[in-house]
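Colleague: Below is the file upload-v4.pdb, which contains PDB, C-alpha atoms.
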ATOM      1  CA  MET A 292       0.000   0.000   0.000
ATOM      2  CA  GLU A 293       1.282   3.451  -0.880
ATOM      3  CA  ALA A 294       1.748   5.950   1.961
ATOM      4  CA  ARG A 295      -0.983   8.173   0.491
ATOM      5  CA  ASP A 296      -3.439   5.258   0.466
ATOM      6  CA  ALA A 297      -2.527   4.385   4.047
ATOM      7  CA  LEU A 298      -3.113   8.001   5.063
ATOM      8  CA  ASP A 299      -6.542   8.060   3.425
ATOM      9  CA  ARG A 300      -7.464   4.778   5.136
ATOM     10  CA  MET A 301      -6.336   5.985   8.586
ATOM     11  CA  LEU A 302      -8.301   9.215   8.192
ATOM     12  CA  GLU A 303     -11.402   7.388   6.958
ATOM     13  CA  VAL A 304     -11.440   4.802   9.747
ATOM     14  CA  SER A 305     -10.635   7.320  12.486
ATOM     15  CA  GLY A 306     -13.176   9.868  11.286
ATOM     16  CA  GLN A 307     -10.477  12.545  11.362
ATOM     17  CA  SER A 308     -10.042  15.223   8.708
ATOM     18  CA  ARG A 309      -6.774  16.216   7.070
ATOM     19  CA  ALA A 310      -7.192  19.713   8.496
ATOM     20  CA  GLY A 311      -7.945  18.444  11.986
ATOM     21  CA  VAL A 312      -4.924  16.146  12.106
ATOM     22  CA  SER A 313      -2.696  18.883  10.668
ATOM     23  CA  VAL A 314      -3.736  21.253  13.462
ATOM     24  CA  CYS A 315      -3.240  18.501  16.097
ATOM     25  CA  LEU A 316       0.322  18.147  14.798
ATOM     26  CA  GLY A 317       0.872  21.863  15.368
ATOM     27  CA  LYS A 318       0.944  22.577  11.634
ATOM     28  CA  HIS A 319      -1.126  24.780   9.352
ATOM     29  CA  ARG A 320      -4.549  23.273   8.615
ATOM     30  CA  ASN A 321      -3.522  22.663   4.977
ATOM     31  CA  PHE A 322      -0.283  20.855   5.903
ATOM     32  CA  ILE A 323      -1.410  17.322   4.992
ATOM     33  CA  THR A 324      -3.388  18.337   1.907
ATOM     34  CA  SER A 325      -0.538  20.395   0.480
ATOM     35  CA  SER A 326       2.024  17.717   1.380
ATOM     36  CA  ILE A 327       0.270  14.881  -0.431
ATOM     37  CA  THR A 328      -0.095  16.867  -3.645
ATOM     38  CA  ARG A 329       3.630  16.347  -4.188
ATOM     39  CA  ASP A 330       4.283  13.355  -6.404
ATOM     40  CA  PRO A 331       5.550  11.130  -5.026
ATOM     41  CA  TRP A 332       4.584  11.911  -1.433
ATOM     42  CA  ASN A 333       7.535  10.783   0.673
ATOM     43  CA  PRO A 334       6.821  11.753   4.274
ATOM     44  CA  THR A 335       9.527  11.312   6.877
ATOM     45  CA  ILE A 336       9.014   8.356   9.189
ATOM     46  CA  HIS A 337       8.430  10.769  12.060
ATOM     47  CA  THR A 338       5.712  12.619  10.119
ATOM     48  CA  LEU A 339       3.955   9.405   9.087
ATOM     49  CA  ALA A 340       4.191   7.989  12.622
ATOM     50  CA  SER A 341       2.810  11.244  14.067
ATOM     51  CA  ILE A 342      -0.124  11.282  11.659
ATOM     52  CA  ALA A 343      -0.783   7.612  12.405
ATOM     53  CA  ALA A 344      -0.757   8.269  16.159
ATOM     54  CA  LYS A 345      -3.275  11.117  15.814
ATOM     55  CA  CYS A 346      -5.549   8.675  13.940
ATOM     56  CA  GLY A 347      -5.164   5.922  16.548
ATOM     57  CA  TYR A 348      -2.596   3.860  14.618
ATOM     58  CA  ARG A 349       1.038   2.872  15.171
ATOM     59  CA  LEU A 350       3.791   2.692  12.576
ATOM     60  CA  VAL A 351       5.367  -0.771  12.820
ATOM     61  CA  LEU A 352       8.202  -2.488  10.956
ATOM     62  CA  GLU A 353       8.027  -6.265  10.799
ATOM     63  CA  GLY A 354      10.536  -8.789   9.535
ATOM     64  CA  ASN A 355      12.935 -11.520  10.566
ATOM     65  CA  ASP A 356      10.562 -12.562  13.358
ATOM     66  CA  GLU A 357      10.874  -9.106  14.879
ATOM     67  CA  ARG A 358       8.438  -6.230  15.359
ATOM     68  CA  ILE A 359       9.707  -2.665  15.772
ATOM     69  CA  GLU A 360       7.300   0.128  16.682
ATOM     70  CA  ILE A 361       8.283   3.629  15.574
ATOM     71  CA  ASP A 362       7.812   6.169  18.371
ATOM     72  CA  THR A 363       6.493   9.659  17.765
TER      73      THR A 363
END
Would you mind giving the structure from this file in structure tokens?
Modeller:
Amino acid sequence: MEARDALDRMLEVSGQSRAGVSVCLGKHRNFITSSITRDPWNPTIHTLASIAAKCGYRLVLEGNDERIEIDT
């Protein structure tokens, strides 16, 4: 899944808006909308983990029988 698709899914399931999450992150209300218009959208891990946390998700890396959760 592309990061943009994951973002849309997290927002949909959580009932959050792009503007609302942007403001919760301490950014301008258009932060997420203007960020994802860049092609490709390559958010930093910290940004993606922060957005995920505001939507009730965690950013996790899995592999080699190990699970690593990215902190915000």
Colleague: Would you kindly translate the PyMOL selection byres ((chain A and resi 295-310) around 8) into the concrete residues it picks from this file, as a list in words?
Modeller: Met292, Glu293, Ala294, Gly311, Val312, Ser313, Val314, His319, Arg320, Asn321, Phe322, Ile323, Thr324, Ile327, Trp332, Ile342, Ala343, Cys346, Gly347 and Tyr348 of chain A
Colleague: Need the axis-aligned box for region 323-337 of chain A with 6 Å each side, so what are the centre and edges in Å to one decimal, as lines of an AutoDock Vina configuration file?
Modeller:
center_x = 3.1
center_y = 14.4
center_z = 2.8
size_x = 24.9
size_y = 24.0
size_z = 30.5
Colleague: In Å, rounded to a single decimal, give me how far CA of Ile359 (chain A) is from CA of Lys318 (chain A).
Modeller: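 Separating CA of Lys318 (chain A) from CA of Ile359 (chain A) is a distance of 27.0 Å.
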Colleague: Rank nothing, just name the residue among A:Arg358, A:Leu352, A:Thr363, A:Cys315 nearest to Thr338 (chain A), using all atoms listed in the file.
Modeller: A:Thr363
Colleague: What is the distance, in Å and to one decimal place, between CA of Leu339 (chain A) and CA of Asp362 (chain A)?
Modeller: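 Separation of CA of Leu339 (chain A) and CA of Asp362 (chain A): 10.6 Å.
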Colleague: Just to confirm, what's the straight-line distance from CA of Val351 (chain A) to CA of His337 (chain A) in Å (one decimal)?
Modeller: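 About the pair CA of Val351 (chain A) and CA of His337 (chain A): they are 12.0 Å apart.
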Colleague: Given the file above and the PyMOL selection byres ((chain A and resi 350) around 6), which residues are selected, and can you give them as a count of residues only?
Modeller: 5
